[in-house]
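Report on the following structure.
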Amino acid sequence: MVSQILTPSIPMKCVYPRKRVGSPSRLFKRSIRSCLVLAALVLVYFVLASHAQVRKNVLMISIVGPSHPGPVIVSNQIVSALHADSRFQVEFYWENLDAIYHPEKWQQQIDFLVGKYRHLKLDLIVLVGPNAIQLLAEQKAIFPNIPVVFCCTVPAMIDQIRGDHRSTGSWFQLEPAKTVEAALGLIPGTRHLFVVAGQSDYDRGLTAVVKRDLIPYENKLDVTYLIDLPMSKLLERLSHLPDHSVVLFLSFFKDVEGREFLSTPEALPMIVDAAKAPVFGIADTYLGLGIVGGFVVSAEEQGKIMGRDALEILGGKPPRDIPIVHGPNLYLFDWRELQRWKLDESRLPAGSRVLFRQPTLWEKNWGSLLLGLLVLAVLSLLAIYLLFERKRLRGARNEQMRLSGMLINAQEYERARLASELHDDFSQRLAMLSLGLETAAEMVPESPAEANRQLHELVNSASELGADLHTVSHRLHSATLETLGLVAGVSTFCKEFTAQRGIQVVFCDKNVPLSVSPDISLCLFRIVQEGLRNVQKHSGAAHAQVRIETMDDTLHLSISDDGAGYDVNNGAGRQGLGLRSMRERVRLVGGRFEIHSKTRKGTRIDVWVPMTGLTSMNSNSSKQTLPS
């Protein structure tokens with residue numbers, strides 16, 4: 001396509017506007033230049049970033065190896081603090097001396113470190129571990145002009161170098177008396193205290209500090225120091241402790257026979273397993289290895305202090321301007337050991353923290369339990385609803401059966417009444433009419449005048465018989481209702497009822513449509529029939545009123561009388577078939593049925609049905625007082 005645009009096949013100028021497109025070699029050169037520019041920008045960015053960060057070299061010296069958890073925790077805190085500061089690009093150099101086991105070789109180790117890092121510009125030395133600051137007290141101190149921060153050292157064991165101008169840090173502040181006091185609070189009946197420690201220089205120095213702190217308890221308790229036993233004898237002794245005893249573990253790097261141990265990960269679990277009494281400790285690194293707890297020094301807090309001091313020194317602050325502090329001690333306890341020894345958690349000192357607490361069944365599975373309870377509640381509500389509906393259905397079924405029985409009985413009664421009326425009335429009247437016709441036929445030859453008179457009487461009787469048959473037929477089914485509509489049908493029935501029953505019925509209508517749905521018309525007509533029959537049977541009223549009107553797209557039928565009435569609340573009269581049939585008819589057309597009555601204050605029936613299938617509306621309202 002490019003070649004076609006550059007070299008058109010027809011000799012015309014400027015047929016299409018053309019763009020200048022370079023050759024492939026030119027495009028390639030442009031791409032190369034773009035990549036070089038981008039690489040240069042990236043390189044400049046990283047160069048500027050590297051210049052923004054100041055490189056610092058930090059030598060980390062641990063007196064004990066990485067198998068001891070305390071120094072590892074402290075070192076991790078320091079590294080995290082220095083790496084988190086964007087001002088510095090810190091290079092760490094690690095040395096683990098394990099000098100705690102062989103203190104006589106410290107001078108050789110110092111010479112080794114000086115030679116190893118002679119040509120490296122160090123910005124900070126970090127000393128971690130028991131007696132780490134002792135390196136500064138040697139005759140040939142390491143790197144005398146480099147600032148030092150130290151931690152995890154007990155001040156009472158090294159008092160002679162507190163005023164060193166190039167160092168700062170954090171001391172371990174041992175308070176074993178508070179641990180013993182917490183143990184006595186948890187186990188009030190304690191009478192024996194066994195203090196366990198090893199025979200390394202650090203173990204003995206630590207034991208000396210603890211002995212001074214526990215002097216006040218020697219008059220309260222039987223205090224025994226298990227410090228000069230081989231490990232095997234120590235474990236045997238611990239396995240036969242007297243009742244009402246507690247054990248305080250200090251440290252155990254070496255036993256009396258010179259056997260070396262990893263104090264925390266090796267010696268402590270052996271001692272805890274052998275002891276037949278609760279074991280307490282002085283350091284947070286002991287938690288989780290079988291001790292109950294105590295007022296312990298915190299390696300994590302020591303590490304946070306060291307990280308803060310290291311950042312200030314790397315930022316240019318002299319160590320002498322940074323005060324040496326004592327790391328905070330904490331009341332820490334192991335929930336599992338409290339449960340093991342059946343110790344009451346409520347007796348712990350104020351401010352205690354309980355670690356390794358196992359969550360309860362609710363805490364572990366609260367989501368599942370809550371969902372299960374919700375599902376159970378929903379199922380329970382559903383079951384209650386189904387039981388309720390079942391009860392309602394059973395009641396409706398029983399009521400339907402009772403109503404069906406009443407309808408069957410009513411049908412049989414009505415059939416019997418019609419049969420009796422046809423037999424006793426119409427059949428006899430027809431028989432009399434037949435006999436009269438025969439008699440009149442016989443009298444025609446003899447007495448034409450008399451025969452003519454009897455024939456006139458028979459014609460009148462036949463007319464009365466036809467009228468009575470029409471009344472019965474109209475009572476069963478109103479032809480007027482179908483032909484002339486609801487208003488005419490009800491009005492005609494009210495007139496007939498007034499004429500036949502002697503009760504004056506006033507009929508009123510207002511805005512009733514000319515045409516109403518046949519179902520609604522028949523429903524309202526039957527209710528008027530049944531309502532007026534009830535007026536005749538039960539009320540003893542001389543007057544009644546029937547009113548049909550349109551109200552908000554609803555037909556309202558009202559039948560009232562001034563008769564005896566009854567108490568609606570006690571249910572009198574509500575179990576009759578007439579009222580039930582009226583209610584059922586209204587329900588079938590989606591209407592509402594109400595009955596209001598009070599004793600000696602008459603009765604009123606109100607029916608509201610929706611207007612369906614209506615055509616036009618009557619423009620005028622009418623009121624008819626039907627003669628008696």
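Residue numbering restarts at 1 for every chain of the structure tokens, chains are lettered A, B, ... in their displayed order, and ligands are numbered from 1 as they appear.
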Can you tell me, as a VMD selection string, what residues are no more than 8 Å from range 274-281 of chain A when counting only C-alpha atoms, ignoring any on the same chain fewer than 2 positions away?
-> chain A and resid 179 183 235 to 236 238 to 241 243 to 250 270 to 272 283 286 290 to 296 341
Using only C-alpha atoms, find each residue of range 264-338 of chain A with at least one atom at most 12 Å away from an atom of range 88-93 of chain A; report its shortest atom-to-atom pair and that distance in Å (one decimal), sort the rows by chain and rising residue number, and return the result as a tab-separated table.
```
residue	atom	partner	partner_atom	distance
A:Ala310	CA	A:Val90	CA	11.2
A:Leu311	CA	A:Phe88	CA	9.1
A:Glu312	CA	A:Phe88	CA	11.7
A:Ile313	CA	A:Phe88	CA	11.8
A:Leu314	CA	A:Phe88	CA	8.3
A:Gly315	CA	A:Phe88	CA	8.9
```
Writing out the chosen residues with N, CA and C atoms as a CSV table (one decimal), in the first residue's frame:
```csv
chain,number,residue,atom,x,y,z
A,310,ALA,N,20.0,3.2,66.3
A,310,ALA,CA,20.9,3.0,65.2
A,310,ALA,C,20.5,4.1,64.1
A,311,LEU,N,19.3,4.4,63.9
A,311,LEU,CA,18.9,5.4,62.9
A,311,LEU,C,19.4,6.7,63.3
A,312,GLU,N,19.3,7.1,64.6
A,312,GLU,CA,19.7,8.4,65.0
A,312,GLU,C,21.3,8.5,64.9
A,313,ILE,N,22.0,7.5,65.1
A,313,ILE,CA,23.5,7.5,64.9
A,313,ILE,C,23.8,7.7,63.5
A,314,LEU,N,23.2,6.8,62.6
A,314,LEU,CA,23.5,6.9,61.2
A,314,LEU,C,23.1,8.3,60.6
A,315,GLY,N,22.1,8.9,61.3
A,315,GLY,CA,21.7,10.3,60.9
A,315,GLY,C,22.6,11.4,61.4
```
Give me the residues within 8 Å of Thr153 in chain A as a list of chain:residue names, counting only C-alpha atoms and dropping any in the same chain fewer than 4 places off.
-> A:Gly129, A:Pro130, A:Asn131, A:Ala132, A:Ile133, A:Ser170, A:Trp171, A:Phe172
Of the candidates A:Leu458, A:Asp284, A:Glu584, A:Ser380, which one gets nearest to Ala441 in chain A if we count only C-alpha atoms?
->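 Looking only at the distances to Ala441 in chain A, the closest residue turns out to be A:Leu458.
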Which is closest to Pro328 in chain A among A:Ala197, A:Ile215, A:Cys152, A:Leu184, if we use only C-alpha atoms?
->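 Of A:Ala197, A:Ile215, A:Cys152, A:Leu184, the one nearest Pro328 in chain A, counting only C-alpha atoms, is A:Cys152.
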Could you give me the residues within range 231-407 of chain A that DSSP places in strand (DSSP E), as a list in words?
->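 Selecting the strand (DSSP E) positions of range 231-407 of chain A gives Ser245, Val246, Val247, Leu248, Phe249, Val279, Phe280, Gly293, Gly294, Phe295, Val296, Val297, Val325, His326, Asn329, Leu330, Tyr331, Leu332, Phe333, Asp334, Arg353, Val354 and Leu355 of chain A.
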In Å to one decimal, how far is CA of Leu455 in chain A from CA of Gly436 in chain A?
->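 We find that CA of Gly436 in chain A and CA of Leu455 in chain A lie 8.0 Å from each other.
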